[in-house]
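Colleague: File query33.cif follows (mmCIF, C-alpha atoms and all ligand atoms):
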data_data
#
loop_
_atom_site.group_PDB
_atom_site.id
_atom_site.type_symbol
_atom_site.label_atom_id
_atom_site.label_comp_id
_atom_site.auth_asym_id
_atom_site.auth_seq_id
_atom_site.Cartn_x
_atom_site.Cartn_y
_atom_site.Cartn_z
ATOM 1 C CA MET A 1 -9.680 -15.553 18.723
ATOM 2 C CA THR A 2 -5.879 -15.121 18.727
ATOM 3 C CA ALA A 3 -4.709 -11.816 17.239
ATOM 4 C CA ALA A 4 -2.521 -11.917 14.127
ATOM 5 C CA PRO A 5 1.203 -11.322 14.758
ATOM 6 C CA PHE A 6 2.015 -7.603 14.920
ATOM 7 C CA GLY A 7 4.147 -7.654 11.747
ATOM 8 C CA GLN A 8 1.334 -9.220 9.765
ATOM 9 C CA TRP A 9 -1.240 -6.732 11.076
ATOM 10 C CA MET A 10 1.124 -3.834 10.317
ATOM 11 C CA ALA A 11 1.850 -5.032 6.758
ATOM 12 C CA GLY A 12 -1.900 -5.409 6.164
ATOM 13 C CA VAL A 13 -2.652 -1.839 7.298
ATOM 14 C CA GLN A 14 0.301 -0.428 5.339
ATOM 15 C CA ALA A 15 -0.874 -2.172 2.145
ATOM 16 C CA GLU A 16 -4.460 -1.017 2.649
ATOM 17 C CA VAL A 17 -3.346 2.571 3.243
ATOM 18 C CA GLU A 18 -1.029 2.499 0.211
ATOM 19 C CA GLY A 19 -3.958 1.428 -1.994
ATOM 20 C CA ALA A 20 -6.276 4.058 -0.513
ATOM 21 C CA LEU A 21 -3.671 6.821 -0.904
ATOM 22 C CA ALA A 22 -3.096 5.864 -4.553
ATOM 23 C CA ASN A 23 -6.834 6.105 -5.049
ATOM 24 C CA PHE A 24 -7.407 9.413 -3.225
ATOM 25 C CA LEU A 25 -4.512 11.305 -4.832
ATOM 26 C CA PRO A 26 -5.018 12.930 -8.248
ATOM 27 C CA GLN A 27 -3.810 10.701 -11.097
ATOM 28 C CA ALA A 28 -0.455 11.695 -12.656
ATOM 29 C CA ASP A 29 -2.009 11.890 -16.145
ATOM 30 C CA ALA A 30 -4.493 14.569 -14.964
ATOM 31 C CA VAL A 31 -3.554 18.210 -15.656
ATOM 32 C CA PRO A 32 -1.338 19.709 -14.220
ATOM 33 C CA HIS A 33 0.825 16.620 -14.763
ATOM 34 C CA LYS A 34 3.994 17.849 -13.052
ATOM 35 C CA LEU A 35 2.213 18.826 -9.838
ATOM 36 C CA HIS A 36 0.231 15.588 -9.671
ATOM 37 C CA GLU A 37 3.278 13.457 -10.436
ATOM 38 C CA ALA A 38 5.227 15.220 -7.669
ATOM 39 C CA MET A 39 2.325 14.796 -5.209
ATOM 40 C CA ARG A 40 2.253 11.031 -5.876
ATOM 41 C CA TYR A 41 6.071 10.822 -5.682
ATOM 42 C CA THR A 42 5.880 12.481 -2.259
ATOM 43 C CA VAL A 43 3.180 10.356 -0.698
ATOM 44 C CA LEU A 44 3.381 6.905 -2.294
ATOM 45 C CA GLY A 45 5.853 4.096 -1.750
ATOM 46 C CA GLY A 46 7.699 5.278 1.343
ATOM 47 C CA GLY A 47 7.590 6.003 5.035
ATOM 48 C CA LYS A 48 6.704 3.869 8.000
ATOM 49 C CA ARG A 49 3.051 5.000 8.007
ATOM 50 C CA VAL A 50 3.155 5.458 11.794
ATOM 51 C CA ARG A 51 0.217 7.888 11.807
ATOM 52 C CA PRO A 52 -2.118 5.603 9.789
ATOM 53 C CA LEU A 53 -1.101 2.669 12.007
ATOM 54 C CA LEU A 54 -2.106 4.707 15.084
ATOM 55 C CA VAL A 55 -5.442 5.562 13.428
ATOM 56 C CA TYR A 56 -6.234 1.892 12.777
ATOM 57 C CA ALA A 57 -4.996 0.715 16.190
ATOM 58 C CA SER A 58 -7.105 3.291 18.011
ATOM 59 C CA GLY A 59 -10.125 2.675 15.774
ATOM 60 C CA ALA A 60 -9.997 -1.014 16.713
ATOM 61 C CA LEU A 61 -10.947 -0.043 20.284
ATOM 62 C CA PHE A 62 -14.160 1.628 19.161
ATOM 63 C CA ASP A 63 -15.457 -0.681 16.381
ATOM 64 C CA ALA A 64 -14.571 1.993 13.852
ATOM 65 C CA ASP A 65 -15.942 1.876 10.348
ATOM 66 C CA PRO A 66 -13.240 0.649 7.894
ATOM 67 C CA ALA A 67 -14.030 3.203 5.162
ATOM 68 C CA ALA A 68 -13.923 6.089 7.658
ATOM 69 C CA LEU A 69 -10.656 4.759 9.103
ATOM 70 C CA ALA A 70 -9.053 4.631 5.659
ATOM 71 C CA ARG A 71 -9.975 8.278 5.010
ATOM 72 C CA ALA A 72 -8.746 9.474 8.416
ATOM 73 C CA ALA A 73 -5.498 7.511 8.054
ATOM 74 C CA CYS A 74 -4.860 8.908 4.556
ATOM 75 C CA ALA A 75 -5.690 12.481 5.600
ATOM 76 C CA LEU A 76 -3.089 12.288 8.373
ATOM 77 C CA GLU A 77 -0.443 10.701 6.174
ATOM 78 C CA ILE A 78 -1.016 13.339 3.472
ATOM 79 C CA ILE A 79 -0.621 16.198 5.994
ATOM 80 C CA HIS A 80 2.538 14.519 7.302
ATOM 81 C CA ALA A 81 3.921 14.098 3.767
ATOM 82 C CA TYR A 82 3.288 17.777 2.965
ATOM 83 C CA SER A 83 5.123 18.807 6.143
ATOM 84 C CA LEU A 84 8.168 16.748 5.140
ATOM 85 C CA VAL A 85 8.299 18.391 1.687
ATOM 86 C CA HIS A 86 8.193 21.895 3.158
ATOM 87 C CA ASP A 87 10.575 20.987 5.997
ATOM 88 C CA ASP A 88 13.183 19.796 3.467
ATOM 89 C CA MET A 89 13.115 23.041 1.421
ATOM 90 C CA PRO A 90 16.161 25.344 1.405
ATOM 91 C CA CYS A 91 14.270 27.978 3.457
ATOM 92 C CA MET A 92 13.849 25.436 6.282
ATOM 93 C CA ASP A 93 16.036 22.355 6.838
ATOM 94 C CA ASP A 94 17.543 22.342 3.325
ATOM 95 C CA ASP A 95 17.796 18.594 2.869
ATOM 96 C CA ASP A 96 18.237 16.601 -0.324
ATOM 97 C CA LEU A 97 17.306 13.102 0.882
ATOM 98 C CA ARG A 98 13.937 11.926 2.200
ATOM 99 C CA ARG A 99 12.598 8.385 2.446
ATOM 100 C CA GLY A 100 15.707 7.275 0.555
ATOM 101 C CA LYS A 101 14.858 9.460 -2.482
ATOM 102 C CA PRO A 102 15.832 12.973 -3.623
ATOM 103 C CA THR A 103 13.607 15.577 -1.959
ATOM 104 C CA VAL A 104 10.931 17.251 -4.108
ATOM 105 C CA HIS A 105 12.767 20.559 -4.584
ATOM 106 C CA VAL A 106 15.814 18.568 -5.771
ATOM 107 C CA ALA A 107 13.883 16.176 -8.045
ATOM 108 C CA TRP A 108 11.835 19.121 -9.438
ATOM 109 C CA ASP A 109 12.302 22.683 -8.137
ATOM 110 C CA GLU A 110 11.384 24.891 -5.170
ATOM 111 C CA ALA A 111 8.169 26.249 -6.670
ATOM 112 C CA THR A 112 6.951 22.700 -7.286
ATOM 113 C CA ALA A 113 7.854 21.666 -3.722
ATOM 114 C CA LEU A 114 5.919 24.639 -2.333
ATOM 115 C CA LEU A 115 2.869 23.816 -4.444
ATOM 116 C CA VAL A 116 3.040 20.098 -3.639
ATOM 117 C CA GLY A 117 2.849 20.933 0.076
ATOM 118 C CA ASP A 118 0.010 23.415 -0.419
ATOM 119 C CA ALA A 119 -1.987 21.056 -2.619
ATOM 120 C CA LEU A 120 -1.445 18.081 -0.302
ATOM 121 C CA GLN A 121 -2.666 20.042 2.705
ATOM 122 C CA ALA A 122 -5.903 20.896 0.875
ATOM 123 C CA GLN A 123 -6.175 17.314 -0.390
ATOM 124 C CA ALA A 124 -5.997 15.942 3.148
ATOM 125 C CA PHE A 125 -9.071 17.921 4.202
ATOM 126 C CA GLU A 126 -10.921 16.904 1.031
ATOM 127 C CA VAL A 127 -10.191 13.239 1.789
ATOM 128 C CA LEU A 128 -11.365 13.536 5.394
ATOM 129 C CA ALA A 129 -14.477 15.513 4.410
ATOM 130 C CA GLY A 130 -15.399 12.616 2.085
ATOM 131 C CA THR A 131 -16.293 10.670 5.234
ATOM 132 C CA ALA A 132 -19.604 12.557 5.140
ATOM 133 C CA CYS A 133 -21.002 10.498 2.300
ATOM 134 C CA GLY A 134 -21.087 6.984 0.929
ATOM 135 C CA GLN A 135 -19.779 3.907 2.680
ATOM 136 C CA GLY A 136 -19.139 4.381 6.416
ATOM 137 C CA ALA A 137 -20.629 7.899 6.506
ATOM 138 C CA LEU A 138 -20.250 9.560 9.908
ATOM 139 C CA PRO A 139 -22.744 12.068 11.373
ATOM 140 C CA ALA A 140 -22.030 15.619 10.156
ATOM 141 C CA SER A 141 -21.389 16.933 13.691
ATOM 142 C CA ARG A 142 -18.777 14.197 14.289
ATOM 143 C CA LEU A 143 -17.116 15.007 10.985
ATOM 144 C CA VAL A 144 -16.925 18.717 11.851
ATOM 145 C CA ASP A 145 -15.201 17.762 15.127
ATOM 146 C CA MET A 146 -12.729 15.626 13.177
ATOM 147 C CA LEU A 147 -11.959 18.364 10.646
ATOM 148 C CA ARG A 148 -11.440 20.860 13.469
ATOM 149 C CA LEU A 149 -9.152 18.407 15.270
ATOM 150 C CA LEU A 150 -7.010 17.891 12.171
ATOM 151 C CA ALA A 151 -6.845 21.628 11.424
ATOM 152 C CA GLY A 152 -5.822 22.387 15.018
ATOM 153 C CA ALA A 153 -3.129 19.712 14.984
ATOM 154 C CA ALA A 154 -1.693 20.914 11.667
ATOM 155 C CA GLY A 155 -1.896 24.686 12.243
ATOM 156 C CA SER A 156 -0.093 27.304 14.311
ATOM 157 C CA GLY A 157 -1.348 25.748 17.564
ATOM 158 C CA GLY A 158 0.132 22.417 16.469
ATOM 159 C CA MET A 159 2.647 21.249 13.872
ATOM 160 C CA CYS A 160 3.276 24.624 12.153
ATOM 161 C CA GLY A 161 3.624 26.345 15.537
ATOM 162 C CA GLY A 162 6.156 23.722 16.649
ATOM 163 C CA GLN A 163 8.081 24.142 13.419
ATOM 164 C CA ALA A 164 8.166 27.935 13.950
ATOM 165 C CA ILE A 165 9.586 27.468 17.464
ATOM 166 C CA ASP A 166 12.069 24.919 16.102
ATOM 167 C CA LEU A 167 13.353 27.337 13.458
ATOM 168 C CA ASP A 168 13.719 30.080 16.080
ATOM 169 C CA SER A 169 15.611 27.737 18.430
ATOM 170 C CA VAL A 170 18.657 27.081 16.255
ATOM 171 C CA GLY A 171 21.789 27.894 18.245
ATOM 172 C CA LEU A 172 19.854 28.488 21.496
ATOM 173 C CA SER A 173 20.255 26.391 24.625
ATOM 174 C CA LEU A 174 16.672 25.373 25.438
ATOM 175 C CA LYS A 175 15.544 24.024 28.799
ATOM 176 C CA LEU A 176 14.106 20.491 28.751
ATOM 177 C CA GLU A 177 10.526 21.820 29.262
ATOM 178 C CA GLN A 178 10.923 24.188 26.290
ATOM 179 C CA LEU A 179 12.204 21.353 24.085
ATOM 180 C CA GLU A 180 9.279 19.178 25.198
ATOM 181 C CA ARG A 181 6.753 21.922 24.413
ATOM 182 C CA MET A 182 8.239 22.389 20.922
ATOM 183 C CA HIS A 183 8.046 18.676 20.136
ATOM 184 C CA GLN A 184 4.557 18.282 21.573
ATOM 185 C CA LEU A 185 3.489 20.775 18.918
ATOM 186 C CA LYS A 186 5.774 19.847 16.023
ATOM 187 C CA THR A 187 5.438 16.056 16.110
ATOM 188 C CA GLY A 188 3.145 15.222 19.023
ATOM 189 C CA ALA A 189 0.094 17.140 17.778
ATOM 190 C CA LEU A 190 -0.253 15.030 14.612
ATOM 191 C CA LEU A 191 0.384 11.768 16.480
ATOM 192 C CA ARG A 192 -2.296 12.720 19.042
ATOM 193 C CA ALA A 193 -4.684 13.609 16.210
ATOM 194 C CA SER A 194 -4.030 10.165 14.697
ATOM 195 C CA VAL A 195 -5.052 8.402 17.908
ATOM 196 C CA LEU A 196 -8.121 10.595 18.427
ATOM 197 C CA LEU A 197 -9.314 10.563 14.802
ATOM 198 C CA GLY A 198 -9.121 6.762 14.758
ATOM 199 C CA ALA A 199 -11.288 6.666 17.876
ATOM 200 C CA LEU A 200 -13.751 9.205 16.437
ATOM 201 C CA CYS A 201 -14.368 6.883 13.454
ATOM 202 C CA GLY A 202 -16.152 4.533 15.851
ATOM 203 C CA LYS A 203 -18.718 4.608 18.640
ATOM 204 C CA GLU A 204 -19.080 7.459 21.163
ATOM 205 C CA LEU A 205 -16.079 7.991 23.495
ATOM 206 C CA THR A 206 -16.459 8.477 27.263
ATOM 207 C CA ALA A 207 -14.480 11.228 29.062
ATOM 208 C CA PRO A 208 -12.158 8.700 30.817
ATOM 209 C CA GLU A 209 -11.477 6.978 27.484
ATOM 210 C CA LEU A 210 -10.599 10.323 25.916
ATOM 211 C CA GLU A 211 -8.300 11.094 28.845
ATOM 212 C CA ALA A 212 -6.574 7.702 28.557
ATOM 213 C CA LEU A 213 -5.982 8.173 24.820
ATOM 214 C CA GLY A 214 -4.637 11.683 25.495
ATOM 215 C CA ALA A 215 -2.137 10.351 28.055
ATOM 216 C CA TYR A 216 -1.080 7.558 25.666
ATOM 217 C CA SER A 217 -0.632 10.050 22.789
ATOM 218 C CA LYS A 218 1.426 12.408 24.923
ATOM 219 C CA ALA A 219 3.832 9.647 25.975
ATOM 220 C CA VAL A 220 4.088 8.186 22.474
ATOM 221 C CA GLY A 221 4.549 11.622 20.855
ATOM 222 C CA LEU A 222 7.468 12.480 23.113
ATOM 223 C CA ALA A 223 8.964 8.984 22.821
ATOM 224 C CA PHE A 224 8.848 9.325 19.027
ATOM 225 C CA GLN A 225 10.893 12.525 19.193
ATOM 226 C CA VAL A 226 13.378 11.296 21.799
ATOM 227 C CA VAL A 227 14.048 8.252 19.593
ATOM 228 C CA ASP A 228 14.271 10.493 16.507
ATOM 229 C CA ASP A 229 17.015 12.490 18.257
ATOM 230 C CA ILE A 230 18.812 9.295 19.322
ATOM 231 C CA LEU A 231 18.698 7.926 15.760
ATOM 232 C CA ASP A 232 19.880 11.228 14.290
ATOM 233 C CA ALA A 233 22.938 10.998 16.544
ATOM 234 C CA THR A 234 23.639 7.268 16.147
ATOM 235 C CA ALA A 235 22.306 5.859 12.835
ATOM 236 C CA ASP A 236 23.619 6.383 9.298
ATOM 237 C CA SER A 237 21.896 8.146 6.387
ATOM 238 C CA ALA A 238 21.389 4.903 4.426
ATOM 239 C CA THR A 239 19.484 3.316 7.330
ATOM 240 C CA LEU A 240 17.432 6.451 8.038
ATOM 241 C CA GLY A 241 16.699 7.306 4.390
ATOM 242 C CA LYS A 242 17.456 10.935 5.326
ATOM 243 C CA THR A 243 20.619 12.820 6.240
ATOM 244 C CA ALA A 244 21.913 11.621 9.631
ATOM 245 C CA GLY A 245 23.704 13.872 12.135
ATOM 246 C CA LYS A 246 21.818 16.917 10.874
ATOM 247 C CA ASP A 247 20.690 18.199 14.274
ATOM 248 C CA ALA A 248 24.233 18.568 15.599
ATOM 249 C CA ALA A 249 25.469 19.972 12.265
ATOM 250 C CA ASP A 250 22.654 22.565 12.353
ATOM 251 C CA ASN A 251 23.363 23.348 16.021
ATOM 252 C CA LYS A 252 19.804 22.347 17.043
ATOM 253 C CA PRO A 253 18.866 21.593 20.647
ATOM 254 C CA THR A 254 17.856 17.904 21.003
ATOM 255 C CA TYR A 255 17.244 15.397 23.781
ATOM 256 C CA VAL A 256 20.705 13.974 23.116
ATOM 257 C CA SER A 257 22.372 17.407 23.309
ATOM 258 C CA ILE A 258 20.566 18.243 26.576
ATOM 259 C CA LEU A 259 20.406 14.854 28.354
ATOM 260 C CA GLY A 260 23.163 12.847 26.669
ATOM 261 C CA LEU A 261 22.674 9.511 24.892
ATOM 262 C CA GLU A 262 22.218 7.176 27.855
ATOM 263 C CA GLN A 263 19.690 9.383 29.664
ATOM 264 C CA SER A 264 17.793 9.876 26.404
ATOM 265 C CA LYS A 265 17.522 6.094 26.009
ATOM 266 C CA ALA A 266 16.308 5.802 29.611
ATOM 267 C CA LEU A 267 13.705 8.518 28.959
ATOM 268 C CA ALA A 268 12.441 6.673 25.849
ATOM 269 C CA GLY A 269 12.009 3.521 27.982
ATOM 270 C CA GLN A 270 10.153 5.470 30.674
ATOM 271 C CA LEU A 271 7.794 7.032 28.098
ATOM 272 C CA ARG A 272 7.086 3.576 26.663
ATOM 273 C CA ARG A 273 6.031 2.393 30.136
ATOM 274 C CA GLU A 274 3.842 5.514 30.557
ATOM 275 C CA ALA A 275 2.172 4.756 27.210
ATOM 276 C CA HIS A 276 1.423 1.177 28.324
ATOM 277 C CA ASP A 277 0.106 2.361 31.714
ATOM 278 C CA ALA A 278 -2.252 4.836 30.051
ATOM 279 C CA LEU A 279 -3.923 1.938 28.206
ATOM 280 C CA ALA A 280 -4.542 -0.206 31.306
ATOM 281 C CA SER A 281 -8.330 0.324 31.366
ATOM 282 C CA PHE A 282 -8.707 -0.931 27.759
ATOM 283 C CA GLY A 283 -7.217 -4.362 28.563
ATOM 284 C CA GLU A 284 -6.388 -6.770 25.726
ATOM 285 C CA GLN A 285 -8.307 -4.614 23.217
ATOM 286 C CA ALA A 286 -5.424 -2.113 23.210
ATOM 287 C CA LEU A 287 -2.868 -4.689 22.042
ATOM 288 C CA ARG A 288 -2.064 -2.847 18.791
ATOM 289 C CA LEU A 289 -1.614 0.520 20.534
ATOM 290 C CA ARG A 290 0.789 -1.122 23.001
ATOM 291 C CA GLU A 291 2.686 -2.779 20.162
ATOM 292 C CA LEU A 292 2.924 0.549 18.354
ATOM 293 C CA ALA A 293 4.389 2.222 21.453
ATOM 294 C CA ASP A 294 7.004 -0.557 21.475
ATOM 295 C CA LEU A 295 7.697 -0.097 17.758
ATOM 296 C CA ILE A 296 8.101 3.673 18.158
ATOM 297 C CA VAL A 297 10.665 3.194 20.931
ATOM 298 C CA GLN A 298 12.514 0.224 19.411
ATOM 299 C CA ARG A 299 12.585 1.400 15.766
ATOM 300 C CA LYS A 300 15.921 1.627 13.963
ATOM 301 C CA ALA A 301 14.893 4.207 11.321
HETATM 302 C C1 LIG B 1 7.080 22.400 7.501
HETATM 303 C C2 LIG B 1 4.850 22.930 8.550
HETATM 304 C C3 LIG B 1 6.088 22.171 8.548
HETATM 305 C C4 LIG B 1 6.270 21.272 9.530
HETATM 306 C C5 LIG B 1 7.382 20.363 9.588
HETATM 307 C C6 LIG B 1 7.251 17.059 10.572
HETATM 308 C C7 LIG B 1 8.068 18.281 10.601
HETATM 309 C C8 LIG B 1 7.350 19.549 10.842
HETATM 310 C C9 LIG B 1 9.364 18.258 10.330
HETATM 311 C C10 LIG B 1 10.104 17.033 9.976
HETATM 312 C C11 LIG B 1 11.450 17.111 10.564
HETATM 313 C C12 LIG B 1 11.665 16.048 11.516
HETATM 314 C C13 LIG B 1 12.770 15.120 11.214
HETATM 315 C C14 LIG B 1 10.912 15.938 12.593
HETATM 316 C C15 LIG B 1 11.144 14.885 13.582
HETATM 317 C C16 LIG B 1 10.065 13.885 13.684
HETATM 318 C C17 LIG B 1 9.489 13.479 12.384
HETATM 319 C C18 LIG B 1 8.187 14.054 12.065
HETATM 320 C C19 LIG B 1 10.138 12.604 11.624
HETATM 321 C C20 LIG B 1 9.604 12.088 10.348
HETATM 322 O O1 LIG B 1 8.495 11.283 10.575
HETATM 323 P P1 LIG B 1 8.542 9.720 10.364
HETATM 324 O O2 LIG B 1 9.742 9.130 11.042
HETATM 325 O O3 LIG B 1 8.785 9.665 8.786
HETATM 326 O O4 LIG B 1 7.220 9.140 10.725
HETATM 327 P P2 LIG B 1 8.291 8.628 7.700
HETATM 328 O O5 LIG B 1 9.136 8.941 6.496
HETATM 329 O O6 LIG B 1 8.524 7.229 8.229
HETATM 330 O O7 LIG B 1 6.835 8.902 7.471
#
Produce structure tokens that represent the structure in this file.
Modeller:
Amino acid sequence: MTAAPFGQWMAGVQAEVEGALANFLPQADAVPHKLHEAMRYTVLGGGKRVRPLLVYASGALFDADPAALARAACALEIIHAYSLVHDDMPCMDDDDLRRGKPTVHVAWDEATALLVGDALQAQAFEVLAGTACGQGALPASRLVDMLRLLAGAAGSGGMCGGQAIDLDSVGLSLKLEQLERMHQLKTGALLRASVLLGALCGKELTAPELEALGAYSKAVGLAFQVVDDILDATADSATLGKTAGKDAADNKPTYVSILGLEQSKALAGQLRREAHDALASFGEQALRLRELADLIVQRKA
């Protein structure tokens, strides 16, 4: 059977995830209204949904259960959304535009933004833990592995750790390896968790399969950040839906500041090839993961 065009597959996953997110999040008319309204404002109706797309693409390789995939995809997107809210706060990046809308601390206030992030983080684990029962239930031991994977990717050994290093790096001239380490934690850890959680929603993985997915995730995670740095330096705020040129204005080390624009573009191309190579043993089955690597490198926002 011929696979659907990539754009059609992507729109289908995005719509499915949007519906599932709307369902999993607390309703805005439930008390406390303000917090729930701000949580829904944060998560719904925006973003490229790259992490859910990776979950679904990876799950397709392992005959993953659709209900489990939806929960894993939503858990990752909710963690990601919380991180954006906290990252935009005045104590961190101090930004007033996200996904083309005022940031949460601007639309409401700082206390609400803090609570939205806290509540979303807890919500993500509740959503993932729901995989234990009902449709598409996974064995308890598998679910514990998945919860541990998500916690590790989000915590001080992953995204939060990378953010801490990022905040401490302002004004410093980092070496390329140090920059890479920071981004592997800050952005790469959640992208890797997306690929692995998608796979864990399906049949048992072999060690070589796990290794191949790890190599793919590493290449894609770094490519995502290299392209993010390129876009920050070259695109405008309206296209990005967030403030452009912020890295240079904040005196942050980036791939563009260390390598220059042309070498950064070459590096993104090289990482895309590495991502494709890592998938060789999966053959045609890995079509969506290959297409996502291309999207991550070729994206304009
Ligand atoms: C505050 C704990 C904590 C962590 C923050 C994710 C993050 C860590 C900071 C965001 C700042 C930033 C611009 C990071 C670069 C890469 C990145 C995660 C960009 C935003 O992700 P996209 O492009 O956003 O997937 P959308 O809106 O499409 O979901």
Colleague: Under the rule that all atoms listed in the file are counted, which of A:Lys186, A:Lys175, A:Lys252, A:Arg288 is the nearest residue to ligand LIG 1 (chain B)?
Modeller: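 Counting all atoms listed in the file, the residue closest to ligand LIG 1 (chain B) is A:Lys186.
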Colleague: Given the PyMOL selection byres (((chain A and resi 63) around 9) and not hetatm) and the file above, list the residues it selects as an MDAnalysis selection string.
Modeller: chainID A and resid 59:62 64:66 199 201:203
Colleague: Using the selection just defined, write its residues with C-alpha atoms as an mmCIF file, in the coordinates of the input.
Modeller:
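Listing of again-v5.cif after writing:
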data_model
loop_
_atom_site.group_PDB
_atom_site.id
_atom_site.type_symbol
_atom_site.label_atom_id
_atom_site.label_comp_id
_atom_site.auth_asym_id
_atom_site.auth_seq_id
_atom_site.Cartn_x
_atom_site.Cartn_y
_atom_site.Cartn_z
ATOM 1 C CA GLY A 59 -10.125 2.675 15.774
ATOM 2 C CA ALA A 60 -9.997 -1.014 16.713
ATOM 3 C CA LEU A 61 -10.947 -0.043 20.284
ATOM 4 C CA PHE A 62 -14.160 1.628 19.161
ATOM 5 C CA ALA A 64 -14.571 1.993 13.852
ATOM 6 C CA ASP A 65 -15.942 1.876 10.348
ATOM 7 C CA PRO A 66 -13.240 0.649 7.894
ATOM 8 C CA ALA A 199 -11.288 6.666 17.876
ATOM 9 C CA CYS A 201 -14.368 6.883 13.454
ATOM 10 C CA GLY A 202 -16.152 4.533 15.851
ATOM 11 C CA LYS A 203 -18.718 4.608 18.640
#
Colleague: For ligand LIG 1 (chain B), return the neighbouring residues as a PDB file with C-alpha atoms, keeping the file's coordinate frame (distance at most 6 Å; all atoms listed in the file).
Modeller:
ATOM      1  CA  GLY A  47       7.590   6.003   5.035  1.00  0.00           C
ATOM      2  CA  LYS A  48       6.704   3.869   8.000  1.00  0.00           C
ATOM      3  CA  ARG A  49       3.051   5.000   8.007  1.00  0.00           C
ATOM      4  CA  VAL A  50       3.155   5.458  11.794  1.00  0.00           C
ATOM      5  CA  SER A  83       5.123  18.807   6.143  1.00  0.00           C
ATOM      6  CA  LEU A  84       8.168  16.748   5.140  1.00  0.00           C
ATOM      7  CA  HIS A  86       8.193  21.895   3.158  1.00  0.00           C
ATOM      8  CA  ASP A  87      10.575  20.987   5.997  1.00  0.00           C
ATOM      9  CA  ARG A  99      12.598   8.385   2.446  1.00  0.00           C
ATOM     10  CA  MET A 159       2.647  21.249  13.872  1.00  0.00           C
ATOM     11  CA  CYS A 160       3.276  24.624  12.153  1.00  0.00           C
ATOM     12  CA  GLN A 163       8.081  24.142  13.419  1.00  0.00           C
ATOM     13  CA  LYS A 186       5.774  19.847  16.023  1.00  0.00           C
ATOM     14  CA  THR A 187       5.438  16.056  16.110  1.00  0.00           C
ATOM     15  CA  GLN A 225      10.893  12.525  19.193  1.00  0.00           C
TER      16      GLN A 225
END
Colleague: So that I can check the surroundings of Ala113 of chain A, please list as a list of chain:residue names every protein, DNA and RNA residue that reaches within 10 Å of it, counting all atoms listed in the file and ignoring chain neighbours fewer than 2 positions away.
Modeller: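 So, after excluding close chain neighbours, the residues are A:Leu35, A:Ala38, A:Met39, A:Thr42, A:Tyr82, A:Val85, A:His86, A:Asp88, A:Met89, A:Thr103, A:Val104, A:His105, A:Val106, A:Ala107, A:Trp108, A:Asp109, A:Glu110, A:Ala111, A:Leu115, A:Val116, A:Gly117, A:Asp118, A:Ala119.
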Colleague: May I have the residues from that selection written out with C-alpha atoms, as a tab-separated table (two decimals), in the frame of the given file?
Modeller:
chain	number	residue	atom	x	y	z
A	35	LEU	CA	2.21	18.83	-9.84
A	38	ALA	CA	5.23	15.22	-7.67
A	39	MET	CA	2.33	14.80	-5.21
A	42	THR	CA	5.88	12.48	-2.26
A	82	TYR	CA	3.29	17.78	2.96
A	85	VAL	CA	8.30	18.39	1.69
A	86	HIS	CA	8.19	21.90	3.16
A	88	ASP	CA	13.18	19.80	3.47
A	89	MET	CA	13.12	23.04	1.42
A	103	THR	CA	13.61	15.58	-1.96
A	104	VAL	CA	10.93	17.25	-4.11
A	105	HIS	CA	12.77	20.56	-4.58
A	106	VAL	CA	15.81	18.57	-5.77
A	107	ALA	CA	13.88	16.18	-8.04
A	108	TRP	CA	11.84	19.12	-9.44
A	109	ASP	CA	12.30	22.68	-8.14
A	110	GLU	CA	11.38	24.89	-5.17
A	111	ALA	CA	8.17	26.25	-6.67
A	115	LEU	CA	2.87	23.82	-4.44
A	116	VAL	CA	3.04	20.10	-3.64
A	117	GLY	CA	2.85	20.93	0.08
A	118	ASP	CA	0.01	23.42	-0.42
A	119	ALA	CA	-1.99	21.06	-2.62
Colleague: Between A:Ala293, A:Met146, A:Glu262, A:Glu77, which is the closest to Gly198 of chain A once you count only C-alpha atoms?
Modeller: A:Met146
Colleague: Which residues fall under the PyMOL selection byres (((chain A and resi 57) around 10) and not hetatm) in this file, as a list of chain:residue names?
Modeller: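 Those residues are A:Trp9, A:Met10, A:Val13, A:Arg51, A:Pro52, A:Leu53, A:Leu54, A:Val55, A:Tyr56, A:Ser58, A:Gly59, A:Ala60, A:Leu61, A:Phe62, A:Ala64, A:Leu69, A:Ser194, A:Val195, A:Gly198, A:Ala199, A:Gln285, A:Ala286, A:Leu287, A:Arg288, A:Leu289, A:Arg290, A:Glu291, A:Leu292.
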Colleague: Write the residues of the selection above to a file with C-alpha atoms, as a short mmCIF file (atom, residue, chain, number, x, y, z; two decimals), in the frame of the given file.
Modeller:
data_model
loop_
_atom_site.label_atom_id
_atom_site.label_comp_id
_atom_site.auth_asym_id
_atom_site.auth_seq_id
_atom_site.Cartn_x
_atom_site.Cartn_y
_atom_site.Cartn_z
CA TRP A 9 -1.24 -6.73 11.08
CA MET A 10 1.12 -3.83 10.32
CA VAL A 13 -2.65 -1.84 7.30
CA ARG A 51 0.22 7.89 11.81
CA PRO A 52 -2.12 5.60 9.79
CA LEU A 53 -1.10 2.67 12.01
CA LEU A 54 -2.11 4.71 15.08
CA VAL A 55 -5.44 5.56 13.43
CA TYR A 56 -6.23 1.89 12.78
CA SER A 58 -7.10 3.29 18.01
CA GLY A 59 -10.12 2.68 15.77
CA ALA A 60 -10.00 -1.01 16.71
CA LEU A 61 -10.95 -0.04 20.28
CA PHE A 62 -14.16 1.63 19.16
CA ALA A 64 -14.57 1.99 13.85
CA LEU A 69 -10.66 4.76 9.10
CA SER A 194 -4.03 10.16 14.70
CA VAL A 195 -5.05 8.40 17.91
CA GLY A 198 -9.12 6.76 14.76
CA ALA A 199 -11.29 6.67 17.88
CA GLN A 285 -8.31 -4.61 23.22
CA ALA A 286 -5.42 -2.11 23.21
CA LEU A 287 -2.87 -4.69 22.04
CA ARG A 288 -2.06 -2.85 18.79
CA LEU A 289 -1.61 0.52 20.53
CA ARG A 290 0.79 -1.12 23.00
CA GLU A 291 2.69 -2.78 20.16
CA LEU A 292 2.92 0.55 18.35
#
